[in-house]
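> Dropping in query.csv, which is CSV, C-alpha atoms:
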```csv
chain,number,residue,atom,x,y,z
A,1,MET,CA,0.0,0.0,0.0
A,2,LYS,CA,1.3,3.5,-0.8
A,3,VAL,CA,1.0,6.0,2.0
A,4,ALA,CA,1.5,9.8,2.0
A,5,GLY,CA,2.3,12.3,4.7
A,6,VAL,CA,1.3,15.9,4.0
A,7,GLN,CA,3.9,18.2,5.7
A,8,ALA,CA,2.0,21.5,5.8
A,9,ASP,CA,2.5,25.1,7.0
A,10,LEU,CA,-0.7,25.5,9.0
A,11,ALA,CA,-2.4,28.9,9.3
A,12,TRP,CA,-2.9,29.7,13.0
A,13,GLU,CA,-6.5,29.1,14.1
A,14,ASP,CA,-7.8,29.5,10.6
A,15,PRO,CA,-9.6,26.3,9.5
A,16,GLY,CA,-10.8,27.7,6.1
A,17,ALA,CA,-7.2,28.6,5.1
A,18,ASN,CA,-5.9,25.3,6.1
A,19,PHE,CA,-8.6,23.3,4.3
A,20,ALA,CA,-7.7,25.3,1.2
A,21,ARG,CA,-4.0,24.5,1.6
A,22,LEU,CA,-4.5,20.8,2.3
A,23,ALA,CA,-7.1,19.8,-0.2
A,24,PRO,CA,-4.7,20.1,-3.3
A,25,ALA,CA,-2.1,18.2,-1.4
A,26,VAL,CA,-4.5,15.4,-0.6
A,27,ALA,CA,-5.6,15.3,-4.3
A,28,GLU,CA,-2.0,15.2,-5.5
A,29,ALA,CA,-1.2,12.3,-3.1
A,30,ALA,CA,-4.3,10.4,-4.2
A,31,ALA,CA,-3.4,10.9,-7.8
A,32,ALA,CA,0.1,9.5,-7.1
A,33,GLY,CA,-1.5,6.3,-5.8
A,34,ALA,CA,-1.7,6.9,-2.0
A,35,ARG,CA,-4.3,4.8,-0.3
A,36,LEU,CA,-3.8,6.5,3.1
A,37,VAL,CA,-3.0,10.2,3.4
A,38,ALA,CA,-2.0,11.6,6.8
A,39,LEU,CA,-2.3,15.3,7.8
A,40,PRO,CA,-0.5,16.9,10.8
A,41,GLU,CA,-1.9,17.1,14.3
A,42,MET,CA,-4.7,19.6,14.8
A,43,PHE,CA,-4.6,20.4,11.1
A,44,PRO,CA,-7.5,22.8,11.1
A,45,THR,CA,-6.0,25.2,13.6
A,46,GLY,CA,-2.4,24.4,14.6
A,47,PHE,CA,-1.6,23.3,18.2
A,48,SER,CA,-3.7,25.9,19.9
A,49,MET,CA,-4.5,25.8,23.6
A,50,ALA,CA,-7.6,28.1,23.1
A,51,ALA,CA,-9.7,25.0,23.3
A,52,GLU,CA,-12.9,26.8,24.3
A,53,ARG,CA,-12.7,28.9,21.2
A,54,ILE,CA,-11.2,26.6,18.5
A,55,ALA,CA,-12.6,23.2,19.4
A,56,GLU,CA,-15.4,22.0,17.1
A,57,ASP,CA,-18.5,19.9,17.8
A,58,PRO,CA,-18.4,16.2,16.7
A,59,GLY,CA,-19.1,16.2,13.0
A,60,GLY,CA,-17.7,19.7,12.7
A,61,PRO,CA,-15.7,21.3,9.9
A,62,GLY,CA,-12.5,19.3,10.4
A,63,GLU,CA,-14.2,16.0,10.5
A,64,ARG,CA,-16.3,17.0,7.5
A,65,PHE,CA,-13.1,17.9,5.6
A,66,LEU,CA,-11.7,14.4,6.3
A,67,ARG,CA,-14.9,12.7,5.2
A,68,GLU,CA,-15.2,14.8,2.0
A,69,GLN,CA,-11.6,14.2,1.0
A,70,ALA,CA,-11.9,10.4,1.7
A,71,ALA,CA,-15.1,10.2,-0.4
A,72,ARG,CA,-13.8,12.4,-3.2
A,73,HIS,CA,-10.6,10.4,-3.7
A,74,ALA,CA,-11.8,7.0,-2.5
A,75,ILE,CA,-8.9,6.8,0.0
A,76,ALA,CA,-8.4,6.9,3.8
A,77,VAL,CA,-7.5,10.3,5.2
A,78,CYS,CA,-6.3,10.9,8.8
A,79,GLY,CA,-5.3,13.8,11.1
A,80,SER,CA,-6.4,15.2,14.5
A,81,VAL,CA,-9.0,17.8,15.4
A,82,ALA,CA,-9.7,19.7,18.6
A,83,THR,CA,-13.2,18.3,19.4
A,84,ARG,CA,-15.7,19.1,22.1
A,85,ARG,CA,-17.5,16.5,24.1
A,86,VAL,CA,-20.4,16.4,26.6
A,87,GLY,CA,-19.5,16.7,30.2
A,88,GLY,CA,-15.8,17.3,30.0
A,89,LYS,CA,-12.9,19.1,28.4
A,90,PRO,CA,-12.4,18.9,24.6
A,91,GLN,CA,-10.1,16.2,23.3
A,92,ASN,CA,-7.3,16.2,20.7
A,93,LEU,CA,-9.1,13.7,18.6
A,94,GLY,CA,-7.3,11.6,16.0
A,95,MET,CA,-9.6,10.6,13.1
A,96,ILE,CA,-9.3,8.2,10.2
A,97,ALA,CA,-12.0,8.8,7.5
A,98,PHE,CA,-12.9,6.1,5.0
A,99,PRO,CA,-14.5,6.5,1.5
A,100,ASP,CA,-17.8,4.9,2.8
A,101,GLY,CA,-18.2,7.7,5.3
A,102,ARG,CA,-17.0,5.7,8.3
A,103,VAL,CA,-14.7,7.6,10.8
A,104,GLU,CA,-12.6,5.9,13.4
A,105,ARG,CA,-11.5,8.0,16.4
A,106,TYR,CA,-8.6,8.0,18.8
A,107,ALA,CA,-8.2,10.5,21.7
A,108,LYS,CA,-4.6,11.4,22.4
A,109,ILE,CA,-3.6,9.4,25.4
A,110,HIS,CA,-0.6,11.7,26.4
A,111,PRO,CA,-1.5,15.4,26.4
A,112,PHE,CA,1.7,17.5,26.4
A,113,THR,CA,1.7,18.8,30.0
A,114,LEU,CA,4.8,21.1,29.4
A,115,GLY,CA,2.9,22.9,26.7
A,116,GLY,CA,-0.3,23.2,28.8
A,117,GLU,CA,-2.3,20.7,26.8
A,118,ARG,CA,-3.4,18.8,29.8
A,119,GLU,CA,-5.0,21.9,31.2
A,120,HIS,CA,-7.2,22.3,28.2
A,121,TYR,CA,-7.7,18.9,26.6
A,122,ALA,CA,-8.8,15.6,28.3
A,123,SER,CA,-6.6,12.5,27.7
A,124,GLY,CA,-7.9,9.4,26.0
A,125,GLU,CA,-8.0,5.9,27.4
A,126,THR,CA,-8.0,3.5,24.5
A,127,ALA,CA,-5.9,2.9,21.4
A,128,LEU,CA,-7.0,2.5,17.8
A,129,THR,CA,-5.9,0.0,15.2
A,130,VAL,CA,-7.8,-0.5,11.9
A,131,ALA,CA,-7.1,-2.3,8.7
A,132,ILE,CA,-6.6,-0.2,5.6
A,133,ASP,CA,-6.2,-2.2,2.4
A,134,GLY,CA,-5.0,-5.1,4.6
A,135,VAL,CA,-2.4,-3.0,6.5
A,136,ARG,CA,-3.0,-3.0,10.2
A,137,THR,CA,-2.7,0.7,11.1
A,138,SER,CA,-2.4,2.3,14.6
A,139,LEU,CA,-2.9,6.0,14.9
A,140,LEU,CA,-1.1,8.0,17.5
A,141,ILE,CA,-0.5,11.7,18.2
A,142,CYS,CA,2.7,13.7,18.7
A,143,TYR,CA,3.8,13.4,22.4
A,144,ASP,CA,2.6,9.8,22.3
A,145,LEU,CA,5.8,9.1,20.4
A,146,ARG,CA,7.9,9.4,23.6
A,147,PHE,CA,6.2,6.5,25.4
A,148,ALA,CA,7.5,3.2,24.2
A,149,GLU,CA,5.2,1.5,26.7
A,150,LEU,CA,2.2,2.6,24.5
A,151,PHE,CA,3.7,1.2,21.3
A,152,ALA,CA,4.9,-2.1,22.8
A,153,PRO,CA,1.4,-3.7,23.4
A,154,LEU,CA,0.2,-2.5,20.0
A,155,ALA,CA,3.2,-3.8,18.1
A,156,GLY,CA,2.1,-7.4,17.6
A,157,ARG,CA,-1.1,-6.3,15.9
A,158,THR,CA,0.3,-3.3,13.9
A,159,ASP,CA,2.1,-3.2,10.6
A,160,LEU,CA,2.1,0.6,10.4
A,161,PHE,CA,2.1,3.3,13.1
A,162,VAL,CA,1.0,6.7,12.0
A,163,VAL,CA,2.1,9.6,14.3
A,164,VAL,CA,0.6,12.9,13.4
A,165,ALA,CA,2.4,15.9,15.1
A,166,ASN,CA,3.1,19.5,15.8
A,167,TRP,CA,6.6,18.8,17.0
A,168,PRO,CA,8.7,22.0,17.7
A,169,ALA,CA,12.0,22.6,15.9
A,170,PRO,CA,14.1,22.8,19.1
A,171,ARG,CA,13.4,19.1,19.8
A,172,ARG,CA,13.6,17.9,16.2
A,173,ASP,CA,16.5,15.5,16.9
A,174,HIS,CA,14.3,13.7,19.4
A,175,TRP,CA,11.5,13.4,16.8
A,176,ARG,CA,13.8,11.9,14.2
A,177,THR,CA,15.5,9.6,16.7
A,178,LEU,CA,12.3,8.3,18.3
A,179,LEU,CA,10.6,7.6,15.0
A,180,LYS,CA,13.5,5.3,14.0
A,181,ALA,CA,13.6,3.8,17.4
A,182,ARG,CA,9.9,2.8,17.4
A,183,SER,CA,10.3,1.2,14.0
A,184,ILE,CA,13.2,-0.9,15.3
A,185,GLU,CA,11.7,-2.0,18.6
A,186,CYS,CA,8.2,-2.6,17.2
A,187,GLN,CA,9.5,-4.2,13.9
A,188,ALA,CA,6.9,-2.1,12.1
A,189,TYR,CA,6.6,0.8,9.7
A,190,VAL,CA,6.4,4.2,11.3
A,191,LEU,CA,5.1,7.2,9.4
A,192,GLY,CA,5.7,10.5,11.2
A,193,VAL,CA,3.9,13.6,9.8
A,194,ASN,CA,4.9,16.9,11.3
A,195,ARG,CA,4.0,20.5,10.3
A,196,VAL,CA,6.3,23.3,9.2
A,197,GLY,CA,6.2,27.1,9.6
A,198,THR,CA,5.3,29.0,12.8
A,199,GLY,CA,2.3,29.0,15.0
A,200,GLY,CA,1.5,30.1,18.6
A,201,GLY,CA,5.0,31.4,19.0
A,202,LEU,CA,6.7,28.1,18.1
A,203,ALA,CA,8.7,27.1,15.0
A,204,TYR,CA,8.3,23.7,13.3
A,205,ALA,CA,10.9,22.0,11.1
A,206,GLY,CA,8.9,19.2,9.6
A,207,ASP,CA,11.3,16.2,9.3
A,208,SER,CA,8.3,14.0,8.3
A,209,ALA,CA,9.5,10.5,7.4
A,210,LEU,CA,8.5,6.9,6.8
A,211,TRP,CA,10.6,4.2,8.5
A,212,ALA,CA,10.5,0.5,7.7
A,213,PRO,CA,10.8,-2.4,10.2
A,214,GLY,CA,14.4,-2.5,11.4
A,215,GLY,CA,14.9,1.2,11.1
A,216,GLU,CA,15.5,1.6,7.4
A,217,MET,CA,14.5,4.9,5.9
A,218,VAL,CA,11.8,4.6,3.2
A,219,ALA,CA,11.0,8.2,2.5
A,220,GLU,CA,11.6,11.6,4.1
A,221,ALA,CA,10.7,15.2,3.6
A,222,THR,CA,13.9,17.2,2.7
A,223,THR,CA,12.9,20.8,1.9
A,224,GLY,CA,12.0,22.1,5.4
A,225,GLY,CA,8.8,23.5,3.8
A,226,PRO,CA,5.4,22.3,2.7
A,227,GLU,CA,6.0,18.9,1.1
A,228,THR,CA,4.2,15.5,0.6
A,229,LEU,CA,6.2,12.4,1.1
A,230,LEU,CA,5.2,9.1,-0.5
A,231,GLY,CA,6.3,5.5,0.4
A,232,GLU,CA,5.3,1.9,0.1
A,233,VAL,CA,4.2,-0.2,3.1
A,234,ASP,CA,4.2,-4.0,2.8
A,235,PRO,CA,2.8,-6.1,5.6
A,236,ALA,CA,4.8,-9.1,4.2
A,237,ARG,CA,8.0,-7.2,5.0
A,238,VAL,CA,6.8,-6.7,8.6
A,239,ALA,CA,6.0,-10.5,8.9
A,240,ALA,CA,9.4,-11.4,7.4
A,241,ALA,CA,11.3,-9.1,9.7
A,242,ARG,CA,9.5,-10.6,12.7
A,243,LYS,CA,10.1,-14.2,11.5
A,244,ALA,CA,13.8,-13.6,10.9
A,245,PHE,CA,14.3,-11.9,14.2
A,246,PRO,CA,11.4,-12.9,16.6
A,247,MET,CA,12.1,-10.3,19.2
A,248,LEU,CA,8.5,-9.6,20.0
A,249,GLU,CA,8.0,-13.2,21.1
A,250,ASP,CA,10.5,-12.7,23.8
A,251,ARG,CA,8.7,-9.8,25.5
A,252,ARG,CA,7.7,-10.5,29.2
A,253,PRO,CA,4.7,-8.3,29.8
A,254,GLU,CA,3.8,-10.2,32.9
A,255,VAL,CA,7.1,-9.3,34.4
A,256,TYR,CA,7.0,-5.7,33.2
A,257,GLY,CA,3.6,-5.3,34.9
A,258,ARG,CA,5.0,-6.5,38.3
A,259,ILE,CA,7.9,-4.1,38.0
A,260,GLN,CA,5.7,-1.2,37.2
A,261,GLY,CA,3.5,-2.1,40.1
A,262,GLY,CA,6.5,-2.1,42.5
A,263,ASP,CA,6.5,-5.9,43.0
A,264,SER,CA,9.3,-7.0,40.7
A,265,GLY,CA,10.0,-10.4,42.2
A,266,LEU,CA,13.6,-9.7,41.3
A,267,ALA,CA,16.6,-9.7,43.7
A,268,PRO,CA,17.5,-6.2,44.8
A,269,ILE,CA,20.6,-4.5,43.4
A,270,ALA,CA,23.6,-4.4,45.7
A,271,GLY,CA,23.5,-1.3,47.9
A,272,HIS,CA,19.7,-0.9,47.6
A,273,GLY,CA,17.5,-2.8,50.0
A,274,ARG,CA,18.9,-6.2,51.2
A,275,THR,CA,22.6,-6.8,51.0
A,276,GLN,CA,23.6,-9.3,48.4
A,277,VAL,CA,26.3,-11.9,49.1
```
Would you mind giving the structure from this file in structure tokens?

Amino acid sequence: MKVAGVQADLAWEDPGANFARLAPAVAEAAAAGARLVALPEMFPTGFSMAAERIAEDPGGPGERFLREQAARHAIAVCGSVATRRVGGKPQNLGMIAFPDGRVERYAKIHPFTLGGEREHYASGETALTVAIDGVRTSLLICYDLRFAELFAPLAGRTDLFVVVANWPAPRRDHWRTLLKARSIECQAYVLGVNRVGTGGGLAYAGDSALWAPGGEMVAEATTGGPETLLGEVDPARVAAARKAFPMLEDRRPEVYGRIQGGDSGLAPIAGHGRTQV
């Protein structure tokens, strides 16, 4: 399956301008054969913390844009949208729209506390994995990339991780390193789609890329500006990588759970707790 990441310069809190910028890029990617097109995090507005003002109701303009693009080009289109909900804070809601009008949703599990996101957006509690043309695809959002413990339980049922982001330029090396690391440790494709330009006082460098199982680069954005990257994703390559080096089969989640809970069942390290002899 061919996938595309649209690295866009988002107009700050201006959905109409962003839809006008993104629609031609989606059309171009679809014409090039992409079956999944990923847009950056909070593509209608940029990463704004003015949730009360910019969040839209379910089925609002951002969601409608995804639906319309998916139907028009007969492809899957994804991104995230600040979305209101009844009885709580809005959420940074990832969405995958399909040509038949179906929309699958994922609420960002890790709001970016340092940037104030947790104060304005509620965190999600469940992951999302869907099949797109036979490719098992998990959608995650920006800061989620830093948490290997979220990727690990999804790895066995995922061929492709899509990470949509507004990742600031000062931490661009972390972005590039973590995308590659997740592809290696999960033995899966990882498509990272970041924005460029400036918004809310922050600069964004892009560095969107597609990594293959094992950490091989498939495609990357190279201009530092608006750009669409294209690459092929093959589930057979994922299966072959996992068969040749069956690392995931050696995971010990039952032990990790005990360690996380403070009951490791392991001998203490010398100098900490009981003395070892």
> Using all atoms listed in the file, pick whichever of A:Phe47, A:Gln69, A:Ser123, A:Glu41 has the shortest atom-to-atom distance to A:Ala20.
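Result for the nearest residue to A:Ala20: A:Gln69.
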> If we count all atoms listed in the file and set the cut-off at 12 Å, which residues sit around A:Ala50, ignoring sequence neighbours fewer than 6 positions away in its own chain? Please answer as an mmCIF file with C-alpha atoms, keeping the file's coordinate frame.

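Result file is out.cif:
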```
data_model
loop_
_atom_site.group_PDB
_atom_site.id
_atom_site.type_symbol
_atom_site.label_atom_id
_atom_site.label_comp_id
_atom_site.auth_asym_id
_atom_site.auth_seq_id
_atom_site.Cartn_x
_atom_site.Cartn_y
_atom_site.Cartn_z
ATOM 1 C CA TRP A 12 -2.900 29.700 13.000
ATOM 2 C CA GLU A 13 -6.500 29.100 14.100
ATOM 3 C CA GLU A 56 -15.400 22.000 17.100
ATOM 4 C CA ALA A 82 -9.700 19.700 18.600
ATOM 5 C CA THR A 83 -13.200 18.300 19.400
ATOM 6 C CA LYS A 89 -12.900 19.100 28.400
ATOM 7 C CA PRO A 90 -12.400 18.900 24.600
ATOM 8 C CA GLY A 116 -0.300 23.200 28.800
ATOM 9 C CA GLU A 117 -2.300 20.700 26.800
ATOM 10 C CA GLU A 119 -5.000 21.900 31.200
ATOM 11 C CA HIS A 120 -7.200 22.300 28.200
ATOM 12 C CA TYR A 121 -7.700 18.900 26.600
ATOM 13 C CA GLY A 200 1.500 30.100 18.600
#
```
> Could you tell me which of A:Gly156, A:Thr222, A:Gly197, A:Pro168 comes closest to A:Ala239 if we count all atoms listed in the file?
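Residue with the minimum atom-to-atom distance to A:Ala239: A:Gly156.
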> Sorted by chain and rising residue number, list the residues of stretch 36-143 of chain A at most 12 Å from stretch 169-186 of chain A (counting all atoms listed in the file), each with its closest atom pair and distance in Å to one decimal, as JSON lines.

```
{"residue": "A:Ser138", "atom": "CA", "partner": "A:Cys186", "partner_atom": "CA", "distance": 12.0}
{"residue": "A:Leu140", "atom": "CA", "partner": "A:Leu179", "partner_atom": "CA", "distance": 12.0}
{"residue": "A:Cys142", "atom": "CA", "partner": "A:Trp175", "partner_atom": "CA", "distance": 9.0}
{"residue": "A:Tyr143", "atom": "CA", "partner": "A:Trp175", "partner_atom": "CA", "distance": 9.5}
```
> Deliver the residues from the most recent selection as a file, using C-alpha atoms, as a short mmCIF file (atom, residue, chain, number, x, y, z; two decimals), in the coordinates of the input.

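The result, written out as out-v2.cif:
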```
data_model
loop_
_atom_site.label_atom_id
_atom_site.label_comp_id
_atom_site.auth_asym_id
_atom_site.auth_seq_id
_atom_site.Cartn_x
_atom_site.Cartn_y
_atom_site.Cartn_z
CA SER A 138 -2.40 2.30 14.60
CA LEU A 140 -1.10 8.00 17.50
CA CYS A 142 2.70 13.70 18.70
CA TYR A 143 3.80 13.40 22.40
#
```
> So, counting all atoms listed in the file, which residue among A:Leu202, A:Ala209, A:Val77, A:Ala155 is closest to A:Asp100?
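Nearest candidate to A:Asp100 out of A:Leu202, A:Ala209, A:Val77, A:Ala155: A:Val77.
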> Enter the distance from atom CA of A:Ala8 to atom CA of A:Asp144, in Å, rounded to one decimal.
20.2 Å
> With distances taken over all atoms listed in the file, which residue among A:Ile54, A:Ala221, A:Leu93, A:Ala188 lies nearest A:Ala240?
A:Ala188
